[in-house]
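The next block is protein-v3.cif, given as mmCIF, C-alpha atoms.
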data_input
#
loop_
_atom_site.label_atom_id
_atom_site.label_comp_id
_atom_site.auth_asym_id
_atom_site.auth_seq_id
_atom_site.Cartn_x
_atom_site.Cartn_y
_atom_site.Cartn_z
CA MET A 109 87.50 -59.02 2.57
CA ASP A 110 89.53 -58.22 -0.49
CA MET A 111 92.29 -55.80 0.39
CA LYS A 112 91.83 -52.33 -1.03
CA SER A 113 93.78 -49.13 -1.08
CA PRO A 114 93.02 -46.55 1.63
CA THR A 115 91.33 -44.37 -0.98
CA ALA A 116 89.07 -47.20 -2.07
CA LEU A 117 88.17 -47.96 1.51
CA ASP A 118 87.39 -44.31 2.15
CA ASP A 119 85.18 -44.20 -0.95
CA THR A 120 83.28 -47.30 0.15
CA ALA A 121 82.86 -45.92 3.64
CA ALA A 122 81.58 -42.67 2.19
CA GLN A 123 79.02 -44.64 0.18
CA PHE A 124 77.90 -46.49 3.31
CA ASP A 125 77.56 -43.23 5.25
CA SER A 126 75.90 -41.32 2.42
CA ASP A 127 72.50 -41.61 4.14
CA ALA A 128 73.93 -40.93 7.61
CA GLY A 129 71.74 -38.56 9.59
CA SER A 130 68.53 -39.59 7.83
CA LEU A 131 67.32 -41.88 10.62
CA THR A 132 64.21 -40.51 12.30
CA MET A 133 63.29 -41.10 15.92
CA ALA A 134 60.10 -42.87 14.84
CA THR A 135 62.06 -45.37 12.75
CA THR A 136 64.52 -45.86 15.60
CA ILE A 137 61.69 -46.67 17.99
CA VAL A 138 60.12 -49.12 15.51
CA CYS A 139 63.50 -50.85 15.12
CA ALA A 140 63.93 -51.00 18.90
CA ILE A 141 60.49 -52.57 19.37
CA ALA A 142 61.09 -55.05 16.55
CA CYS A 143 64.45 -56.02 18.06
CA GLY A 144 62.87 -56.51 21.47
CA LEU A 145 60.11 -58.76 20.14
CA SER A 146 62.53 -60.75 17.98
CA VAL A 147 65.26 -61.32 20.56
CA ALA A 148 62.66 -62.47 23.08
CA ASN A 149 62.22 -65.62 20.99
CA ILE A 150 65.70 -66.78 22.04
CA TYR A 151 65.02 -66.41 25.75
CA TYR A 152 61.43 -67.58 26.20
CA ALA A 153 62.64 -71.07 27.11
CA GLN A 154 64.75 -70.08 30.11
CA PRO A 155 61.92 -69.94 32.72
CA LEU A 156 60.26 -72.94 31.04
CA LEU A 157 63.09 -75.45 31.25
CA ASP A 158 61.50 -77.42 34.08
CA ALA A 159 58.17 -77.68 32.22
CA MET A 160 59.88 -78.75 29.00
CA SER A 161 61.93 -81.26 30.95
CA ARG A 162 58.77 -82.90 32.28
CA ASP A 163 56.90 -82.76 28.97
CA PHE A 164 59.66 -84.41 26.93
CA ALA A 165 61.21 -86.46 29.77
CA ILE A 166 64.60 -84.75 29.33
CA ALA A 167 66.96 -85.05 32.31
CA PRO A 168 67.45 -81.81 34.30
CA ALA A 169 71.23 -81.98 33.80
CA THR A 170 70.79 -81.87 30.00
CA ILE A 171 67.71 -79.65 29.60
CA GLY A 172 70.10 -76.71 29.04
CA LEU A 173 70.57 -78.16 25.53
CA VAL A 174 67.29 -76.45 24.61
CA ILE A 175 69.07 -73.12 25.09
CA THR A 176 72.32 -74.39 23.60
CA VAL A 177 70.80 -75.54 20.29
CA THR A 178 68.99 -72.21 19.97
CA GLN A 179 72.29 -70.41 20.36
CA VAL A 180 73.90 -72.75 17.83
CA GLY A 181 71.23 -71.75 15.32
CA TYR A 182 71.80 -68.12 16.22
CA ALA A 183 75.55 -68.48 15.62
CA VAL A 184 74.94 -70.04 12.20
CA GLY A 185 72.62 -67.19 11.28
CA LEU A 186 75.18 -64.62 12.38
CA ILE A 187 77.79 -66.06 10.05
CA PHE A 188 75.64 -66.89 7.03
CA ILE A 189 72.67 -64.48 7.14
CA VAL A 190 73.75 -61.20 8.78
CA PRO A 191 76.63 -60.53 6.30
CA LEU A 192 74.03 -60.36 3.54
CA GLY A 193 73.29 -56.88 4.88
CA ASP A 194 76.49 -55.71 3.16
CA LEU A 195 75.23 -57.05 -0.17
CA ILE A 196 71.48 -56.44 -0.37
CA ALA A 197 69.01 -53.96 1.11
CA PRO A 198 68.16 -54.89 4.72
CA ARG A 199 64.38 -54.49 4.26
CA ARG A 200 64.13 -57.78 2.37
CA LEU A 201 66.18 -59.59 5.01
CA VAL A 202 64.22 -58.16 7.91
CA VAL A 203 60.74 -58.84 6.56
CA GLY A 204 61.61 -62.30 5.24
CA GLN A 205 63.28 -63.44 8.45
CA THR A 206 60.45 -62.15 10.60
CA ALA A 207 57.81 -63.95 8.53
CA LEU A 208 59.77 -67.23 8.63
CA SER A 209 60.22 -66.82 12.38
CA ALA A 210 56.45 -67.01 12.75
CA VAL A 211 56.53 -70.42 11.07
CA ALA A 212 59.43 -71.72 13.20
CA LEU A 213 57.76 -70.58 16.43
CA ALA A 214 54.55 -72.37 15.45
CA ILE A 215 56.57 -75.57 14.91
CA VAL A 216 58.08 -75.31 18.39
CA GLY A 217 54.68 -74.66 19.93
CA THR A 218 53.21 -77.79 18.35
CA ALA A 219 56.23 -80.11 18.69
CA ARG A 220 55.49 -83.60 20.01
CA THR A 221 58.96 -85.14 19.88
CA GLU A 222 62.40 -84.06 21.02
CA SER A 223 63.75 -84.03 17.46
CA VAL A 224 61.04 -81.64 16.25
CA LEU A 225 61.52 -79.45 19.33
CA PHE A 226 65.27 -79.17 18.82
CA ALA A 227 64.93 -78.59 15.07
CA GLY A 228 62.39 -75.85 15.72
CA MET A 229 64.56 -74.19 18.36
CA ILE A 230 67.59 -74.22 16.05
CA THR A 231 65.50 -72.51 13.35
CA VAL A 232 64.16 -69.96 15.82
CA GLY A 233 67.75 -69.08 16.73
CA LEU A 234 68.81 -68.98 13.08
CA LEU A 235 66.13 -66.43 12.18
CA ALA A 236 66.46 -64.33 15.34
CA VAL A 237 69.56 -62.69 13.84
CA VAL A 238 67.12 -60.24 12.26
CA VAL A 239 67.98 -58.22 15.38
CA GLN A 240 71.52 -57.65 14.13
CA VAL A 241 70.35 -56.71 10.65
CA LEU A 242 68.18 -54.03 12.24
CA VAL A 243 71.01 -52.77 14.45
CA VAL A 244 73.31 -52.36 11.46
CA PHE A 245 70.51 -50.73 9.46
CA ALA A 246 70.05 -48.10 12.16
CA ALA A 247 73.79 -47.59 12.59
CA ASN A 248 74.18 -46.96 8.84
CA LEU A 249 71.49 -44.28 8.86
CA ALA A 250 72.43 -42.58 12.14
CA ALA A 251 74.51 -39.40 12.19
CA PRO A 252 78.12 -40.28 13.15
CA CYS A 253 78.00 -38.08 16.25
CA LYS A 254 74.89 -39.96 17.46
CA ARG A 255 75.72 -43.47 16.28
CA GLY A 256 76.57 -44.76 19.75
CA GLN A 257 73.41 -43.23 21.20
CA THR A 258 71.31 -44.79 18.41
CA VAL A 259 72.86 -48.21 18.94
CA GLY A 260 72.26 -47.76 22.66
CA THR A 261 68.60 -46.88 22.12
CA ILE A 262 67.99 -49.93 19.97
CA THR A 263 69.96 -52.10 22.39
CA SER A 264 67.62 -50.78 25.10
CA GLY A 265 64.80 -52.38 23.13
CA VAL A 266 66.80 -55.59 22.98
CA VAL A 267 67.39 -55.51 26.75
CA VAL A 268 63.71 -54.94 27.48
CA GLY A 269 62.83 -57.76 25.10
CA ILE A 270 65.24 -60.17 26.79
CA LEU A 271 64.07 -59.33 30.29
CA ALA A 272 60.37 -59.05 29.54
CA SER A 273 60.52 -62.36 27.69
CA ARG A 274 61.11 -64.23 30.93
CA PHE A 275 58.20 -62.58 32.72
CA THR A 276 55.90 -62.92 29.70
CA SER A 277 56.79 -66.55 29.07
CA GLY A 278 56.31 -67.37 32.74
CA LEU A 279 52.92 -65.67 32.84
CA LEU A 280 51.67 -67.31 29.64
CA ALA A 281 52.98 -70.70 30.76
CA ASP A 282 51.07 -70.45 34.03
CA LEU A 283 47.91 -69.53 32.13
CA GLY A 284 48.08 -71.87 29.16
CA GLY A 285 51.18 -74.06 29.37
CA TRP A 286 54.62 -73.53 27.84
CA ARG A 287 53.36 -74.16 24.30
CA SER A 288 51.12 -71.08 24.46
CA VAL A 289 54.27 -68.94 24.75
CA TYR A 290 55.53 -69.95 21.31
CA LEU A 291 52.14 -69.93 19.61
CA THR A 292 51.52 -66.38 20.87
CA SER A 293 54.94 -65.29 19.68
CA ALA A 294 54.25 -66.83 16.27
CA ALA A 295 51.16 -64.64 15.89
CA LEU A 296 53.07 -61.54 17.02
CA SER A 297 55.90 -62.26 14.57
CA ALA A 298 53.46 -62.53 11.66
CA ALA A 299 51.97 -59.16 12.59
CA LEU A 300 55.45 -57.65 13.05
CA ALA A 301 56.46 -58.74 9.54
CA LEU A 302 53.56 -56.73 8.10
CA ILE A 303 54.45 -53.65 10.16
CA LEU A 304 58.11 -53.75 9.13
CA PHE A 305 57.12 -54.19 5.48
CA SER A 306 55.15 -50.94 5.74
CA VAL A 307 57.64 -48.89 7.80
CA LEU A 308 61.17 -49.71 6.67
CA PRO A 309 62.71 -47.83 3.71
CA ARG A 310 62.62 -49.76 0.45
CA SER A 311 66.31 -49.25 -0.27
CA THR A 312 69.52 -48.21 1.46
CA ALA A 313 73.13 -47.98 0.31
CA VAL A 314 74.97 -51.29 0.35
CA SER A 315 78.42 -52.39 -0.72
CA ASN A 316 78.60 -54.75 -3.72
CA ALA A 317 82.38 -54.96 -3.76
CA ASN A 318 82.44 -58.64 -2.80
CA SER A 319 80.54 -61.77 -3.68
CA TYR A 320 78.67 -63.59 -0.93
CA LEU A 321 81.48 -66.12 -0.50
CA GLY A 322 84.05 -63.32 -0.53
CA THR A 323 82.09 -61.53 2.17
CA LEU A 324 82.01 -64.67 4.33
CA ARG A 325 85.74 -65.25 3.88
CA SER A 326 86.46 -61.68 4.94
CA ILE A 327 84.96 -62.14 8.42
CA PRO A 328 87.72 -64.25 10.00
CA LYS A 329 90.36 -62.16 8.19
CA LEU A 330 89.10 -59.00 9.83
CA PHE A 331 89.22 -60.53 13.31
CA VAL A 332 92.57 -62.23 12.77
CA HIS A 333 94.30 -59.04 11.60
CA ASP A 334 92.73 -56.52 13.98
CA PRO A 335 93.59 -56.92 17.70
CA VAL A 336 90.80 -54.56 18.75
CA LEU A 337 88.21 -56.79 17.09
CA ARG A 338 89.73 -59.86 18.72
CA VAL A 339 89.57 -58.30 22.19
CA ARG A 340 86.00 -57.12 21.72
CA GLY A 341 85.00 -60.56 20.45
CA ALA A 342 86.58 -62.23 23.47
CA LEU A 343 84.79 -59.83 25.82
CA ALA A 344 81.49 -60.58 24.08
CA LEU A 345 82.00 -64.32 24.59
CA LEU A 346 82.83 -63.91 28.28
CA ILE A 347 80.14 -61.41 29.28
CA PHE A 348 77.39 -63.40 27.61
CA ALA A 349 78.68 -66.63 29.09
CA THR A 350 78.25 -64.86 32.43
CA PHE A 351 74.80 -63.58 31.44
CA SER A 352 73.65 -67.04 30.32
CA THR A 353 75.11 -68.68 33.42
CA LEU A 354 72.76 -66.66 35.61
CA TRP A 355 69.59 -66.73 33.57
CA THR A 356 69.72 -70.35 32.45
CA ALA A 357 70.35 -71.76 35.93
CA LEU A 358 68.21 -69.35 37.96
CA VAL A 359 64.96 -71.20 37.28
CA LEU A 360 66.35 -74.43 38.80
CA PRO A 361 66.71 -73.35 42.49
CA LEU A 362 63.77 -70.93 42.41
CA SER A 363 61.31 -73.55 41.14
CA THR A 364 62.11 -76.01 43.94
CA LYS A 365 62.04 -75.94 47.75
CA PRO A 366 62.34 -73.80 49.80
CA PHE A 367 61.13 -71.25 47.23
CA GLY A 368 58.77 -73.11 44.88
CA PHE A 369 58.11 -70.02 42.76
CA SER A 370 55.75 -70.17 39.80
CA HIS A 371 56.88 -69.45 36.23
CA THR A 372 55.39 -65.96 36.51
CA GLU A 373 57.28 -65.22 39.72
CA ILE A 374 60.55 -66.52 38.28
CA GLY A 375 60.09 -64.49 35.11
CA ALA A 376 59.46 -61.37 37.20
CA PHE A 377 63.08 -61.49 38.38
CA GLY A 378 64.04 -60.43 34.88
CA LEU A 379 62.25 -57.13 35.38
CA ALA A 380 64.88 -56.25 37.99
CA GLY A 381 67.38 -56.04 35.16
CA VAL A 382 65.55 -53.27 33.30
CA ALA A 383 68.35 -51.05 34.60
CA GLY A 384 70.37 -52.65 31.83
CA ALA A 385 68.23 -50.81 29.30
CA LEU A 386 69.18 -47.50 30.90
CA ALA A 387 72.83 -48.55 30.91
CA ALA A 388 72.69 -49.32 27.19
CA SER A 389 71.59 -45.82 26.26
CA GLY A 390 74.02 -44.16 28.69
CA ALA A 391 76.95 -46.28 27.53
CA GLY A 392 76.21 -45.29 23.94
CA ARG A 393 76.43 -41.61 24.82
CA LEU A 394 79.73 -42.17 26.63
CA ALA A 395 81.07 -44.00 23.57
CA ASP A 396 80.17 -40.99 21.40
CA ARG A 397 82.32 -38.89 23.75
CA GLY A 398 85.32 -41.23 23.36
CA LEU A 399 85.05 -42.85 26.80
CA GLU A 400 84.25 -46.37 25.62
CA HIS A 401 87.40 -48.01 27.02
CA TRP A 402 87.00 -46.82 30.60
CA THR A 403 83.26 -47.49 30.41
CA THR A 404 84.16 -51.09 29.58
CA GLY A 405 86.58 -51.44 32.49
CA ILE A 406 84.20 -50.01 35.10
CA ALA A 407 81.34 -52.16 33.80
CA LEU A 408 83.47 -55.33 33.98
CA ALA A 409 84.42 -54.53 37.58
CA LEU A 410 80.71 -54.18 38.42
CA LEU A 411 80.02 -57.46 36.62
CA LEU A 412 82.49 -59.33 38.82
CA SER A 413 81.18 -57.74 42.01
CA SER A 414 77.59 -58.66 41.10
CA TRP A 415 78.33 -62.35 41.75
CA ALA A 416 79.06 -61.66 45.43
CA LEU A 417 75.40 -60.67 45.75
CA ILE A 418 74.05 -63.36 43.42
CA ALA A 419 75.84 -66.05 45.45
CA MET A 420 73.66 -65.09 48.45
CA LEU A 421 70.53 -66.58 46.80
CA PRO A 422 70.04 -69.32 49.40
CA VAL A 423 69.71 -66.76 52.20
CA SER A 424 68.71 -63.45 50.59
CA ILE A 425 66.37 -62.75 47.69
CA PRO A 426 66.98 -58.94 47.96
CA ALA A 427 70.73 -59.55 47.53
CA LEU A 428 69.98 -61.66 44.44
CA ILE A 429 67.88 -58.85 42.96
CA GLY A 430 70.68 -56.35 43.60
CA GLY A 431 73.13 -58.68 41.88
CA VAL A 432 70.79 -59.12 38.89
CA ILE A 433 70.57 -55.35 38.47
CA LEU A 434 74.35 -54.94 38.55
CA LEU A 435 74.95 -57.86 36.20
CA ASP A 436 72.47 -56.75 33.54
CA LEU A 437 73.65 -53.14 33.74
CA ALA A 438 77.29 -54.16 33.30
CA VAL A 439 76.69 -56.64 30.47
CA GLN A 440 74.69 -54.18 28.39
CA ALA A 441 77.19 -51.35 28.96
CA VAL A 442 80.04 -53.52 27.63
CA HIS A 443 77.91 -54.80 24.75
CA VAL A 444 77.03 -51.29 23.52
CA THR A 445 80.60 -50.01 23.77
CA ASN A 446 81.80 -53.10 21.89
CA GLN A 447 79.41 -52.41 19.03
CA SER A 448 80.22 -48.71 18.92
CA ILE A 449 83.90 -49.51 18.54
CA ILE A 450 83.49 -52.09 15.77
CA PHE A 451 80.98 -49.99 13.83
CA SER A 452 83.45 -47.10 13.79
CA ALA A 453 86.36 -49.30 12.72
CA TYR A 454 85.01 -50.47 9.34
CA PRO A 455 81.94 -48.53 8.14
CA GLN A 456 81.88 -50.46 4.84
CA ALA A 457 81.69 -53.84 6.58
CA ARG A 458 79.30 -53.33 9.46
CA SER A 459 76.99 -56.25 8.72
CA ARG A 460 79.75 -58.84 8.44
CA LEU A 461 81.53 -57.35 11.46
CA VAL A 462 78.48 -57.51 13.69
CA GLY A 463 77.83 -61.02 12.42
CA GLY A 464 81.33 -62.09 13.43
CA TYR A 465 81.16 -60.22 16.73
CA MET A 466 77.80 -61.70 17.66
CA ALA A 467 79.08 -65.19 16.87
CA PHE A 468 81.28 -64.71 19.95
CA TYR A 469 78.15 -63.63 21.85
CA SER A 470 76.27 -66.73 20.75
CA ALA A 471 79.16 -69.05 21.62
CA GLY A 472 79.34 -67.51 25.08
CA SER A 473 75.60 -67.87 25.61
CA ALA A 474 75.68 -71.51 24.57
CA LEU A 475 78.68 -72.18 26.81
CA GLY A 476 77.04 -70.54 29.81
CA ALA A 477 73.77 -72.43 29.27
CA ILE A 478 75.17 -75.93 29.30
CA ALA A 479 77.95 -75.19 31.82
CA SER A 480 75.59 -73.61 34.36
CA THR A 481 73.01 -76.42 34.34
CA THR A 482 75.81 -78.96 34.67
CA ALA A 483 77.40 -76.99 37.52
CA PHE A 484 74.07 -76.76 39.33
CA ALA A 485 73.43 -80.50 38.94
CA TYR A 486 76.75 -81.36 40.62
CA THR A 487 77.60 -78.46 42.94
CA GLY A 488 74.40 -76.45 43.40
CA TRP A 489 74.10 -72.67 43.36
CA ARG A 490 77.58 -72.22 44.83
CA GLY A 491 79.05 -73.84 41.71
CA VAL A 492 76.93 -71.66 39.42
CA SER A 493 78.08 -68.51 41.24
CA GLY A 494 81.71 -69.59 41.04
CA LEU A 495 81.33 -70.23 37.32
CA GLY A 496 79.82 -66.80 36.72
CA ALA A 497 82.53 -65.11 38.76
CA PHE A 498 85.20 -66.99 36.79
CA PHE A 499 83.83 -65.77 33.44
CA SER A 500 83.57 -62.21 34.80
CA ALA A 501 87.09 -62.16 36.24
CA THR A 502 88.52 -63.52 33.00
CA ALA A 503 86.80 -60.73 31.04
CA LEU A 504 88.26 -58.10 33.37
CA ILE A 505 91.74 -59.61 32.95
CA VAL A 506 91.38 -59.60 29.15
CA TRP A 507 90.41 -55.91 29.21
CA ALA A 508 93.27 -54.98 31.56
CA CYS A 509 95.84 -56.82 29.43
CA ALA A 510 94.52 -55.19 26.26
CA ARG A 511 94.73 -51.72 27.85
CA HIS A 512 98.28 -52.47 29.03
CA ASP A 513 99.34 -53.57 25.54
CA ALA A 514 97.73 -50.49 24.00
CA SER A 515 99.56 -48.23 26.45
CA LEU A 516 102.87 -49.87 25.57
CA ARG A 517 102.25 -49.43 21.84
CA ASN A 518 101.31 -45.79 22.34
CA SER A 519 104.40 -45.07 24.46
CA ARG A 520 106.66 -46.69 21.87
CA SER A 521 105.05 -44.68 19.08
CA TYR A 522 105.51 -41.52 21.09
CA SER A 523 109.18 -42.27 21.82
CA HIS A 524 109.86 -42.75 18.12
#

Take the structure from the file and write it as structure tokens.
Amino acid sequence: MDMKSPTALDDTAAQFDSDAGSLTMATTIVCAIACGLSVANIYYAQPLLDAMSRDFAIAPATIGLVITVTQVGYAVGLIFIVPLGDLIAPRRLVVGQTALSAVALAIVGTARTESVLFAGMITVGLLAVVVQVLVVFAANLAAPCKRGQTVGTITSGVVVGILASRFTSGLLADLGGWRSVYLTSAALSAALALILFSVLPRSTAVSNANSYLGTLRSIPKLFVHDPVLRVRGALALLIFATFSTLWTALVLPLSTKPFGFSHTEIGAFGLAGVAGALAASGAGRLADRGLEHWTTGIALALLLSSWALIAMLPVSIPALIGGVILLDLAVQAVHVTNQSIIFSAYPQARSRLVGGYMAFYSAGSALGAIASTTAFAYTGWRGVSGLGAFFSATALIVWACARHDASLRNSRSYSH
């Protein structure tokens, strides 16, 4: 981002917040539903990995690449598509991406070769960043005192979409095969594009201070120069590596002996994490009250403790369910507080900031996907649990070090 004077930055921020407070509850709910349906496209494959492995003769140790390539596409979209929200009205981005998603999903559902499957999954991930465009859209229109709550409400839709996707994909796969999941989603995406075209405002305030290339170049500059953004990016990478570690690998032990669960039964485990949706809304309200830092620390401690329960999978399904609830609750609480902090930091650059931030999320998800399937292939569920605990502990250490550094800076400022 081109460097500006404080006055210029304030003027740009004022322009971005000129419509603040105009967001209605009905529009918020529509955005939440749209986010839930869109983000589900990224996660449909997780309960279906074994079926895809058999259909395309992909080795179990490498089937996690289906998730990884989707996340790679998502990361590319975060960097090259989401920042456009700072340059043009989001309605065009949202409707266009949703319509193209319908096409990409149809390609995946009809793929007959590995190359077509992977190309389709990359495109699905690329276009799924419509979720972030919608989050920024809502944040721009929300009243400042309710911005965290609004982000939390929409994130609740995202959480429900992620968790329901596993159950829905499992159910549809049992009824009509894994391809029916993507063909159904293609039809829903086409209908969603029409609904969004009718509901979303035709124009909102955007910043035209930079060219597209200038906007892209500003993303790494913002994260390099701001330690808060760096810490929040690192936390995003680690918590979603943890999240992906669980949900990518979970299908592997549950689909084999002694459990032998169906796709529907495996997908139903995701419903246990609906508590994460409640955590998202509550964390947003705490962020509005200035408690985002301690909310993050407590959530990360819960995240680490969740793996003690998840590791009991071979002997206790109830313990696994308890661990799933804790993990999803903790991940979403940190995610919402992260977004609340970065949205408040640079109001004039929210789209490019969330694009950069979510690139960390995507990298973590991709890392967790391939690392967890590899760990399971060589060390079983014990290795997966150790991997998840490692990511969680590292996140807690990063937060603690950042809080310690912040305390030192504040004490030095006070002494001077």

- Item | Expected selection from the PyMOL selection byres ((chain A and resi 270) around 9), given as a count of residues only | 18

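If all atoms listed in the file are the atoms counted, then among A:Leu343, A:Leu399, A:Leu379, A:Cys139 the closest residue to Tyr469 of chain A is A:Leu343.
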
- Message: Taking all atoms listed in the file into account, name the residue in A:Val211, A:Val462, A:Ile406, A:Ala453 that is nearest to Ile189 of chain A.
- Response: A:Val462

- Residues around (56.3, -49.2, 17.5), cut-off 12 Å, counting all atoms listed in the file - what are they as JSON, numbers by chain? {"A": [133, 134, 135, 136, 137, 138, 139, 140, 141, 142, 143, 144, 145, 262, 265, 299, 300, 303, 304, 306, 307, 308]}

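When all atoms listed in the file are used to compute distances to Ile187 of chain A, the closest of the residues A:Ala159, A:Leu321, A:Ala214, A:Ala485 turns out to be A:Leu321.
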
- Query: Within 10 Å of segment 220-228 of chain A, counting all atoms listed in the file, which residues qualify if same-chain residues fewer than 3 places away don't, as JSON, numbers by chain?
  - Reply: {"A": [160, 163, 164, 165, 166, 173, 174, 175, 176, 177, 178, 181, 209, 211, 212, 213, 214, 215, 216, 217, 231, 232, 233, 234]}

- Expansion of the PyMOL selection byres ((chain A and resi 467) around 8) into residues, as an MDAnalysis selection string: chainID A and resid 182:184 186:187 463:466 468:471

- Message: the PyMOL selection byres ((chain A and resi 330) around 12) - which residues does that actually catch in the file I just gave you? List them as a PyMOL selection string.
- Response: chain A and resi 109-111+323-329+331-338+341+450+453-454+457-458+460-465

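Once Thr356 of chain A and its same-chain neighbours fewer than 3 positions away are set aside, A:Gln154, A:Pro155, A:Gly172, A:Ile175, A:Ser352, A:Thr353, A:Val359, A:Gly476, A:Ala477, A:Ser480, A:Thr481 remain within 8 Å of it when counting all atoms listed in the file.
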
Would you output that residue set with C-alpha atoms, as a short mmCIF file (atom, residue, chain, number, x, y, z; two decimals), in the frame of the given file?
data_model
loop_
_atom_site.label_atom_id
_atom_site.label_comp_id
_atom_site.auth_asym_id
_atom_site.auth_seq_id
_atom_site.Cartn_x
_atom_site.Cartn_y
_atom_site.Cartn_z
CA GLN A 154 64.75 -70.08 30.11
CA PRO A 155 61.92 -69.94 32.72
CA GLY A 172 70.10 -76.71 29.04
CA ILE A 175 69.07 -73.12 25.09
CA SER A 352 73.65 -67.04 30.32
CA THR A 353 75.11 -68.68 33.42
CA VAL A 359 64.96 -71.20 37.28
CA GLY A 476 77.04 -70.54 29.81
CA ALA A 477 73.77 -72.43 29.27
CA SER A 480 75.59 -73.61 34.36
CA THR A 481 73.01 -76.42 34.34
#

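Distance annotation: of A:Val439, A:Leu242, A:Val289, A:Leu235, the residue with the minimal separation from Ser459 of chain A is A:Leu242; atom set is only C-alpha atoms.
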
- Message: What's around segment 254-256 of chain A at 9 Å? Count only C-alpha atoms, leave out sequence neighbours fewer than 5 positions away in its own chain, and write the answer as a PyMOL selection string.
- Response: chain A and resi 129+246-249+261+389+391-396+444-445+447-449+451-452

- Note on the structure: Expressed in Å, the length from atom CA of Gly431 of chain A to atom CA of Phe348 of chain A is 15.6 Å

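With atom CA of His512 of chain A on one side and atom CA of Pro455 of chain A on the other, the separation reads 26.8 Å.
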
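Nearest to Asp513 of chain A of all the residues A:Ala344, A:Val339, A:Ser473, A:Ser414 is A:Val339, based on all atoms listed in the file.
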
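Each of A:Thr404, A:Gln240, A:Thr292, A:Ser161 was checked against Leu504 of chain A using all atoms listed in the file; the smallest atom-to-atom distance is that of A:Thr404.
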
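When atom CA of Lys365 of chain A is paired with atom CA of Gly284 of chain A, their separation reads 23.6 Å.
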
Box time for segment 285-303 of chain A: axis-aligned, enclosing all its listed atoms, 8 Å extra on each side; report centre and edge lengths in Å to one decimal, as lines of an AutoDock Vina configuration file.
center_x = 53.8
center_y = -63.9
center_z = 18.7
size_x = 21.3
size_y = 36.5
size_z = 37.3

How would segment 327-337 of chain A read, as a compact mmCIF listing (two decimals), in the coordinates of the input, once N, CA, C and O atoms are built in?
# COMPACT_ATOMS: atom_id res chain seq x y z
N ILE A 327 85.26 -62.28 6.99
CA ILE A 327 84.96 -62.14 8.42
C ILE A 327 86.11 -62.61 9.29
O ILE A 327 86.60 -61.84 10.14
N PRO A 328 86.59 -63.85 9.14
CA PRO A 328 87.72 -64.25 10.00
C PRO A 328 88.98 -63.43 9.74
O PRO A 328 89.77 -63.20 10.66
N LYS A 329 89.18 -62.97 8.49
CA LYS A 329 90.36 -62.16 8.19
C LYS A 329 90.36 -60.87 9.00
O LYS A 329 91.39 -60.45 9.52
N LEU A 330 89.19 -60.24 9.08
CA LEU A 330 89.10 -59.00 9.83
C LEU A 330 89.46 -59.21 11.30
O LEU A 330 90.21 -58.43 11.89
N PHE A 331 88.96 -60.28 11.90
CA PHE A 331 89.22 -60.53 13.31
C PHE A 331 90.65 -61.01 13.55
O PHE A 331 91.24 -60.72 14.59
N VAL A 332 91.20 -61.74 12.62
CA VAL A 332 92.57 -62.23 12.77
C VAL A 332 93.56 -61.07 12.72
O VAL A 332 94.52 -61.02 13.49
N HIS A 333 93.33 -60.11 11.83
CA HIS A 333 94.30 -59.04 11.60
C HIS A 333 94.12 -57.82 12.50
O HIS A 333 95.01 -56.98 12.57
N ASP A 334 92.98 -57.71 13.17
CA ASP A 334 92.73 -56.52 13.98
C ASP A 334 92.64 -56.92 15.46
O ASP A 334 91.67 -57.57 15.87
N PRO A 335 93.62 -56.53 16.28
CA PRO A 335 93.59 -56.92 17.70
C PRO A 335 92.42 -56.34 18.47
O PRO A 335 91.94 -56.95 19.43
N VAL A 336 91.94 -55.16 18.07
CA VAL A 336 90.80 -54.56 18.75
C VAL A 336 89.56 -55.43 18.57
O VAL A 336 88.80 -55.67 19.52
N LEU A 337 89.35 -55.92 17.35
CA LEU A 337 88.21 -56.79 17.09
C LEU A 337 88.33 -58.09 17.88
O LEU A 337 87.33 -58.62 18.40
